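Asks: A single structure is presented below for examination.
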Amino acid sequence: MTDTLIDRRDLAFQLYEVLDTESLIGRDRFNEHNRDTFDAVIETADKMAREKFANHNSAADKDEPKFVNGQVEMLPEVKEAFDAYAQAGFIAGRYDYELGGMQLPESVMAACNGFFTAANPGTAGYPFLTTAAANLIRVFGNESQKTSFLPNMLSGRYSGTMALTEPHAARRWRIFAPRPRQRMMVTTSLKAQKYTSRAVNRALPKTLFTWCSPKSKALRPG
């Protein structure tokens with residue numbers, strides 16, 4: 001795959017001339033980085049996106065995941081791409097060194113993820129959702145939850161997804177109230193007028209649902 005996903009000169013202009021990303025290395029959190037390390041990470045993302053994600057973009061559209069005899073069947077290239085993304089450290093890229101992260105600025109991570117989105121937005125959704133679910137645990141989780149889930153999610157051993165999305169945008173939305181719900185593929189205890197489960201996939205690493213009560217702000221991984 002040799003097609004250009006994102007024009008690198010334009011990206012460099014946005015990062016270093018418009019956003020002045022290089023100035024961030026003057027802050028304590030980023031002082032072990034420099035423009036060379038930023039560019040090296042971006043180069044890795046560009047190459048990986050073309051080799052591991054773009055190679056099955058069309059095929060994944062034609063052969064969607066299927067639920068067969070209680071198991072999810074999907075293209076093996078999807079898991080290969082997820083594993084490559086995780087092993088390269090992109091799930092944990094913005095996280096602290098102590099958590100296995102690279103403490104990359106958000107602007108650099110956004111640039112990297114732009115390549116994966118351009119190459120294959122469907123497959124890119126799996127690690128992106130994992131990153132989002134991990135961040136929810138980081139912010140709202142208790143110490144036990146953080147210890148149990150964060151290392152496994154940031155390393156790619158577990159994947160993550162969401163149980164409820166955009167309640168403010170649902171039509172005829174009335175009252176959001178957690179209620180008991182029959183447990184199915186994964187554990188959850190949420191019943192609402194808009195319920196969306198995304199990226200629940202047995203073909204990927206163990207999938208973790210996360211949701212947060214708007215009243216108590218208590219995190220409940222499932």
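Residues in the structure tokens are named by chain (A, B, ... in the order shown) and by number from 1 within that chain; ligands are numbered from 1 in the order shown.
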So which residues touch range 144-149 of chain A within 8 Å, counting only C-alpha atoms, skipping near sequence neighbours fewer than 5 positions away, as number ranges by chain?

Replies: A: 134, 137-138, 158

Asks: Within 10 Å of Val78 in chain A, counting only C-alpha atoms, which residues qualify if same-chain residues fewer than 5 places away don't, as a list in words?

Replies: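 Skipping anything fewer than 5 positions along the chain leaves Lys52, Phe53, Asn55, His56, Asn57, Ala60, Asp83, Ala84, Asn120, Gly122, Thr123, Ala124, Tyr126, Ala203 and Leu204 of chain A.
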
Asks: Just the selected residues (N, CA and C atoms), exported as a CSV table (one decimal), in the first residue's frame, please.

Replies:
chain,number,residue,atom,x,y,z
A,52,LYS,N,-1.0,-2.4,7.9
A,52,LYS,CA,-1.8,-3.2,8.8
A,52,LYS,C,-3.3,-2.8,8.7
A,53,PHE,N,-3.6,-1.6,8.4
A,53,PHE,CA,-5.0,-1.2,8.4
A,53,PHE,C,-5.6,-1.0,7.0
A,55,ASN,N,-4.8,-2.4,4.4
A,55,ASN,CA,-4.7,-3.6,3.6
A,55,ASN,C,-6.1,-4.4,3.6
A,56,HIS,N,-7.0,-4.1,4.6
A,56,HIS,CA,-8.2,-4.9,4.6
A,56,HIS,C,-9.4,-3.9,4.7
A,57,ASN,N,-9.2,-2.6,4.4
A,57,ASN,CA,-10.3,-1.7,4.5
A,57,ASN,C,-11.5,-2.1,3.6
A,60,ALA,N,-13.1,-5.6,4.7
A,60,ALA,CA,-13.9,-5.5,5.9
A,60,ALA,C,-15.3,-5.0,5.6
A,83,ASP,N,-3.6,-5.8,17.4
A,83,ASP,CA,-2.4,-6.2,18.1
A,83,ASP,C,-1.2,-5.3,17.8
A,84,ALA,N,-1.1,-5.0,16.5
A,84,ALA,CA,0.1,-4.2,16.1
A,84,ALA,C,0.0,-2.8,16.7
A,120,ASN,N,-8.4,3.0,7.7
A,120,ASN,CA,-9.5,2.0,7.9
A,120,ASN,C,-10.2,2.5,9.2
A,122,GLY,N,-13.1,1.6,10.3
A,122,GLY,CA,-13.8,0.5,11.0
A,122,GLY,C,-12.9,-0.2,12.0
A,123,THR,N,-11.8,-0.6,11.5
A,123,THR,CA,-10.8,-1.3,12.4
A,123,THR,C,-10.2,-0.4,13.4
A,124,ALA,N,-10.0,0.9,13.0
A,124,ALA,CA,-9.4,1.8,14.0
A,124,ALA,C,-10.3,2.0,15.2
A,126,TYR,N,-11.8,-0.1,17.1
A,126,TYR,CA,-11.6,-1.0,18.2
A,126,TYR,C,-10.5,-0.5,19.2
A,203,ALA,N,-13.7,-12.0,18.9
A,203,ALA,CA,-12.5,-12.3,18.1
A,203,ALA,C,-11.4,-11.4,18.5
A,204,LEU,N,-11.6,-10.4,19.3
A,204,LEU,CA,-10.6,-9.5,19.8
A,204,LEU,C,-10.3,-9.9,21.2

Asks: If I take CA of Pro127 in chain A and CA of Pro105 in chain A, how far is one from the other in Å, to one decimal?

Replies: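 Interatomic distance here is 18.1 Å.
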
Asks: Write out as a PyMOL selection string the residues lying within 10 Å of His33 in chain A, counting only C-alpha atoms and excluding same-chain residues fewer than 4 positions away.

Replies: chain A and resi 22+24-26+29+37-38+102-105

Asks: Find the spatial neighbours of Ala118 in chain A, counting only C-alpha atoms, within a cut-off of 12 Å - ignore same-chain residues fewer than 2 positions away - and output them as a PDB file with C-alpha atoms, in the first residue's frame.

Replies:
ATOM      1  CA  ASP A   3      -1.100   5.659  -1.355  1.00  0.00           C
ATOM      2  CA  THR A   4      -0.693   8.805   0.715  1.00  0.00           C
ATOM      3  CA  LEU A   5      -3.037   8.813   3.686  1.00  0.00           C
ATOM      4  CA  ILE A   6      -2.203  12.298   4.999  1.00  0.00           C
ATOM      5  CA  ASP A   7       0.131  14.778   3.367  1.00  0.00           C
ATOM      6  CA  ALA A  45       1.845   5.404  12.575  1.00  0.00           C
ATOM      7  CA  ASP A  46       1.935   6.244   8.865  1.00  0.00           C
ATOM      8  CA  MET A  48       1.589   0.810  10.235  1.00  0.00           C
ATOM      9  CA  ALA A  49      -1.642   2.354   8.994  1.00  0.00           C
ATOM     10  CA  ARG A  50      -0.721   1.587   5.386  1.00  0.00           C
ATOM     11  CA  PHE A  53      -5.011  -1.164   8.424  1.00  0.00           C
ATOM     12  CA  ALA A  54      -5.418  -0.096   4.810  1.00  0.00           C
ATOM     13  CA  ASN A  57     -10.322  -1.682   4.519  1.00  0.00           C
ATOM     14  CA  ALA A 111      -1.890  13.202  14.240  1.00  0.00           C
ATOM     15  CA  CYS A 112      -0.995   9.523  14.603  1.00  0.00           C
ATOM     16  CA  ASN A 113      -4.598   8.422  14.886  1.00  0.00           C
ATOM     17  CA  GLY A 114      -5.431  10.438  11.806  1.00  0.00           C
ATOM     18  CA  PHE A 115      -3.430   7.942   9.743  1.00  0.00           C
ATOM     19  CA  PHE A 116      -5.311   4.962  11.165  1.00  0.00           C
ATOM     20  CA  ASN A 120      -9.461   2.035   7.927  1.00  0.00           C
ATOM     21  CA  PRO A 121     -12.001   3.795  10.164  1.00  0.00           C
ATOM     22  CA  GLY A 122     -13.799   0.536  10.963  1.00  0.00           C
ATOM     23  CA  THR A 123     -10.824  -1.324  12.382  1.00  0.00           C
ATOM     24  CA  ALA A 124      -9.419   1.821  13.982  1.00  0.00           C
ATOM     25  CA  GLY A 125     -12.567   2.030  16.089  1.00  0.00           C
TER      26      GLY A 125
END

Asks: Please determine, counting only C-alpha atoms, which residue among A:Asp28, A:Glu98, A:Phe90, A:Asn135 has the shortest atom-to-atom distance to Ile42 in chain A.

Replies: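 Among A:Asp28, A:Glu98, A:Phe90, A:Asn135, it is A:Phe90 that comes nearest to Ile42 in chain A.
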
Asks: Report as a list in words all protein, DNA and RNA residues lying within 9 Å of Ala92 in chain A, evaluated on only C-alpha atoms, omitting residues in the same chain fewer than 2 positions from it.

Replies: Ala86, Gly89, Phe90, Arg94, Tyr95, Asp96, Leu99, Gly100, Gly101, Met102, Gln103, Thr131, Met153, Leu154 and Ser155 of chain A
